[in-house]
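**Student:** Following this message is one structure expressed as structure tokens.
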Amino acid sequence: MSRDLFLYLHILVGLALILLPIMIIFQTQEKKSKWIKPLSFITALISWILLIPSGNLYVKFYPATKTLIKAGSRPWVHSIIMETKEHWGLLLPMIATVAAGLVFSNKIKESRKWWVLLMVLSILMGIMGWIITNAGVVR
Amino acid sequence: MKKFNYYNAVSSASILLTMLVISAEFIKPLKDFLASVFFHHWIGKAVVIILVFILVGFLYKENRVFNVQDEKFAWNSTIISLVMILLFFIIHYFIR
């Protein structure tokens, strides 16, 4: 698969991990929601699937970008932003699984803060990805 | 949560990840070992913490960890791990 395909998948699934938790958070406020379990399952599932495009991008394609960033004027973008993002990303599917697991255990109220954490983390990682992409562009 | 303790699973995975992140930066043979076994140190960390997440979730079902409620312990350890990873890379960049 090409780099662009992995990149688009990575961005689309990442965006889904911002939007789906928002939808679920709204569902947690309803007394009886028929959507919360399927949405939670899908969110947890795609959070694990996200490891495939992100892992491929990081292991196969990122080394060239890393060389550019480290040789440029903002090496901290790799050393701080990318290093943090790549490791936060490993906890993302686990946080989604905890949130979904709580929903399936009928602990809807307890799941809410984990969905909020997933959403906030996904937004932060999206911003970090944007910074990394810009730092890796040759001007 | 009778079959799987999600709280203990995420606590152990997040704490282990933080330990692996910090120790792999200081102990090069550890990073090299992860890279040699799993092709890349990042994949190595991923495999190790996923295994721990699954094993601890299924095997450790106590609802108290170090005398703290598992829910509270899981939330605190996850947040602290995320913050520690960020702080570690900031400090590591400036004092290297």
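Residue numbering restarts at 1 for every chain of the structure tokens, chains are lettered A, B, ... in their displayed order, and ligands are numbered from 1 as they appear.
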Can you check which residues of chain A have any atom within 6 Å of chain B? Use only C-alpha atoms and format it as a ChimeraX atom specification.
**Tutor:** /A:80,84,98
**Student:** Taking the backbone alone, and naming residues the way the document does, which bits of chain B are helix (DSSP H, G or I) by DSSP, as a ChimeraX atom specification?
**Tutor:** /B:6-26,28-38,41-59,70-95
**Student:** Include C-alpha atoms and write out the residues we just selected as a PDB file, in the first residue's frame.
**Tutor:**
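What landed in part-v2.pdb:
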ATOM      1  CA  TYR B   6     -10.663  -3.035  32.231  1.00  0.00           C
ATOM      2  CA  TYR B   7      -9.362  -0.777  34.991  1.00  0.00           C
ATOM      3  CA  ASN B   8      -6.494  -3.057  36.045  1.00  0.00           C
ATOM      4  CA  ALA B   9      -5.704  -3.744  32.391  1.00  0.00           C
ATOM      5  CA  VAL B  10      -5.254  -0.073  31.490  1.00  0.00           C
ATOM      6  CA  SER B  11      -3.415   0.752  34.747  1.00  0.00           C
ATOM      7  CA  SER B  12      -0.792  -1.912  34.147  1.00  0.00           C
ATOM      8  CA  ALA B  13      -0.399  -1.092  30.442  1.00  0.00           C
ATOM      9  CA  SER B  14       0.003   2.647  31.012  1.00  0.00           C
ATOM     10  CA  ILE B  15       2.485   2.253  33.876  1.00  0.00           C
ATOM     11  CA  LEU B  16       4.510  -0.306  31.919  1.00  0.00           C
ATOM     12  CA  LEU B  17       4.520   1.897  28.822  1.00  0.00           C
ATOM     13  CA  THR B  18       5.913   4.838  30.807  1.00  0.00           C
ATOM     14  CA  MET B  19       8.587   2.603  32.323  1.00  0.00           C
ATOM     15  CA  LEU B  20       9.503   1.207  28.906  1.00  0.00           C
ATOM     16  CA  VAL B  21       9.625   4.663  27.302  1.00  0.00           C
ATOM     17  CA  ILE B  22      11.950   6.084  29.957  1.00  0.00           C
ATOM     18  CA  SER B  23      14.163   3.021  30.404  1.00  0.00           C
ATOM     19  CA  ALA B  24      14.552   2.441  26.643  1.00  0.00           C
ATOM     20  CA  GLU B  25      15.983   5.965  26.268  1.00  0.00           C
ATOM     21  CA  PHE B  26      18.622   5.334  28.925  1.00  0.00           C
ATOM     22  CA  LYS B  28      20.267   1.253  24.814  1.00  0.00           C
ATOM     23  CA  PRO B  29      20.489  -2.567  24.932  1.00  0.00           C
ATOM     24  CA  LEU B  30      16.789  -2.623  25.924  1.00  0.00           C
ATOM     25  CA  LYS B  31      15.811  -0.496  22.920  1.00  0.00           C
ATOM     26  CA  ASP B  32      18.028  -2.634  20.667  1.00  0.00           C
ATOM     27  CA  PHE B  33      16.534  -5.817  22.112  1.00  0.00           C
ATOM     28  CA  LEU B  34      12.977  -4.612  21.418  1.00  0.00           C
ATOM     29  CA  ALA B  35      14.014  -3.596  17.908  1.00  0.00           C
ATOM     30  CA  SER B  36      15.773  -6.893  17.191  1.00  0.00           C
ATOM     31  CA  VAL B  37      12.906  -9.076  18.403  1.00  0.00           C
ATOM     32  CA  PHE B  38       9.997  -7.019  17.025  1.00  0.00           C
ATOM     33  CA  HIS B  41      11.289  -0.708  19.261  1.00  0.00           C
ATOM     34  CA  TRP B  42       7.841   0.938  18.899  1.00  0.00           C
ATOM     35  CA  ILE B  43       6.313  -2.352  17.739  1.00  0.00           C
ATOM     36  CA  GLY B  44       8.067  -4.082  20.651  1.00  0.00           C
ATOM     37  CA  LYS B  45       6.556  -1.680  23.169  1.00  0.00           C
ATOM     38  CA  ALA B  46       3.138  -2.083  21.522  1.00  0.00           C
ATOM     39  CA  VAL B  47       3.259  -5.898  21.668  1.00  0.00           C
ATOM     40  CA  VAL B  48       4.466  -5.940  25.289  1.00  0.00           C
ATOM     41  CA  ILE B  49       1.831  -3.528  26.604  1.00  0.00           C
ATOM     42  CA  ILE B  50      -1.001  -5.158  24.606  1.00  0.00           C
ATOM     43  CA  LEU B  51      -0.048  -8.551  26.079  1.00  0.00           C
ATOM     44  CA  VAL B  52       0.074  -7.075  29.584  1.00  0.00           C
ATOM     45  CA  PHE B  53      -3.264  -5.296  29.010  1.00  0.00           C
ATOM     46  CA  ILE B  54      -4.926  -8.608  28.045  1.00  0.00           C
ATOM     47  CA  LEU B  55      -3.230 -10.780  30.681  1.00  0.00           C
ATOM     48  CA  VAL B  56      -3.767  -8.415  33.627  1.00  0.00           C
ATOM     49  CA  GLY B  57      -7.367  -7.728  32.561  1.00  0.00           C
ATOM     50  CA  PHE B  58      -8.169 -11.430  32.599  1.00  0.00           C
ATOM     51  CA  LEU B  59      -6.002 -12.544  35.519  1.00  0.00           C
ATOM     52  CA  ASP B  70      -9.355   0.174  40.792  1.00  0.00           C
ATOM     53  CA  GLU B  71     -11.404   2.832  38.988  1.00  0.00           C
ATOM     54  CA  LYS B  72      -9.519   5.692  40.669  1.00  0.00           C
ATOM     55  CA  PHE B  73      -6.162   3.939  40.264  1.00  0.00           C
ATOM     56  CA  ALA B  74      -6.787   3.360  36.548  1.00  0.00           C
ATOM     57  CA  TRP B  75      -7.793   6.973  35.889  1.00  0.00           C
ATOM     58  CA  ASN B  76      -4.874   8.424  37.867  1.00  0.00           C
ATOM     59  CA  SER B  77      -2.270   6.064  36.419  1.00  0.00           C
ATOM     60  CA  THR B  78      -3.447   6.731  32.851  1.00  0.00           C
ATOM     61  CA  ILE B  79      -3.409  10.523  33.237  1.00  0.00           C
ATOM     62  CA  ILE B  80      -0.070  10.501  35.089  1.00  0.00           C
ATOM     63  CA  SER B  81       1.450   8.218  32.434  1.00  0.00           C
ATOM     64  CA  LEU B  82       0.333  10.493  29.597  1.00  0.00           C
ATOM     65  CA  VAL B  83       1.723  13.573  31.366  1.00  0.00           C
ATOM     66  CA  MET B  84       4.954  11.814  32.341  1.00  0.00           C
ATOM     67  CA  ILE B  85       5.631  10.702  28.765  1.00  0.00           C
ATOM     68  CA  LEU B  86       5.261  14.300  27.519  1.00  0.00           C
ATOM     69  CA  LEU B  87       7.346  15.753  30.362  1.00  0.00           C
ATOM     70  CA  PHE B  88      10.020  13.119  29.927  1.00  0.00           C
ATOM     71  CA  PHE B  89      10.539  13.978  26.253  1.00  0.00           C
ATOM     72  CA  ILE B  90      10.604  17.720  27.020  1.00  0.00           C
ATOM     73  CA  ILE B  91      13.212  17.264  29.777  1.00  0.00           C
ATOM     74  CA  HIS B  92      15.162  14.716  27.732  1.00  0.00           C
ATOM     75  CA  TYR B  93      15.371  17.149  24.803  1.00  0.00           C
ATOM     76  CA  PHE B  94      16.672  20.040  26.876  1.00  0.00           C
ATOM     77  CA  ILE B  95      19.166  18.195  29.095  1.00  0.00           C
TER      78      ILE B  95
END
**Student:** Which of these residues is nearest to Ser73 of chain A, using only C-alpha atoms: A:Gly136, A:Lys107, A:Met119, A:Pro93?
**Tutor:**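 Ranked by minimum distance to Ser73 of chain A, first place goes to A:Gly136.
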**Student:** To one decimal place in Å, what is the distance between atom CA of Phe26 of chain A and atom CA of Trp114 of chain A?
**Tutor:** 13.5 Å
**Student:** What's the separation between atom CA of Gly129 of chain A and atom CA of Phe6 of chain A, in Å to one decimal place?
**Tutor:** 13.8 Å
**Student:** Which one of A:Tyr8, A:Ile108, A:Leu117, A:Gly14 sits closest to Ile49 of chain A if you count only C-alpha atoms?
**Tutor:**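 For Ile49 of chain A, the nearest of the candidates is A:Gly14.
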**Student:** I'd like the contact shell of Ser54 of chain A - 9 Å cut-off, only C-alpha atoms, skipping same-chain residues fewer than 5 positions apart - returned as a list in words.
**Tutor:**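 Using only C-alpha atoms, the neighbours found are Phe6, Leu7, Leu9, His10, Val59, Glu86 and Gly89 of chain A.
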**Student:** Save the residues we just selected, C-alpha atoms, as a CSV table (one decimal), in the first residue's frame?
**Tutor:**
chain,number,residue,atom,x,y,z
A,6,PHE,CA,-2.0,5.0,4.9
A,7,LEU,CA,-1.9,8.7,5.5
A,9,LEU,CA,-6.6,6.3,6.5
A,10,HIS,CA,-4.7,7.5,9.5
A,59,VAL,CA,7.9,2.5,10.8
A,86,GLU,CA,3.9,7.8,18.9
A,89,GLY,CA,-1.0,6.5,20.3
**Student:** May I ask which of the residues A:Asn56, A:Ser40, A:Ser122, A:Asn134 is the closest one to Leu91 of chain A, counting only C-alpha atoms?
**Tutor:**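 When distances to Leu91 of chain A are compared using only C-alpha atoms, the smallest one comes from A:Ser122.
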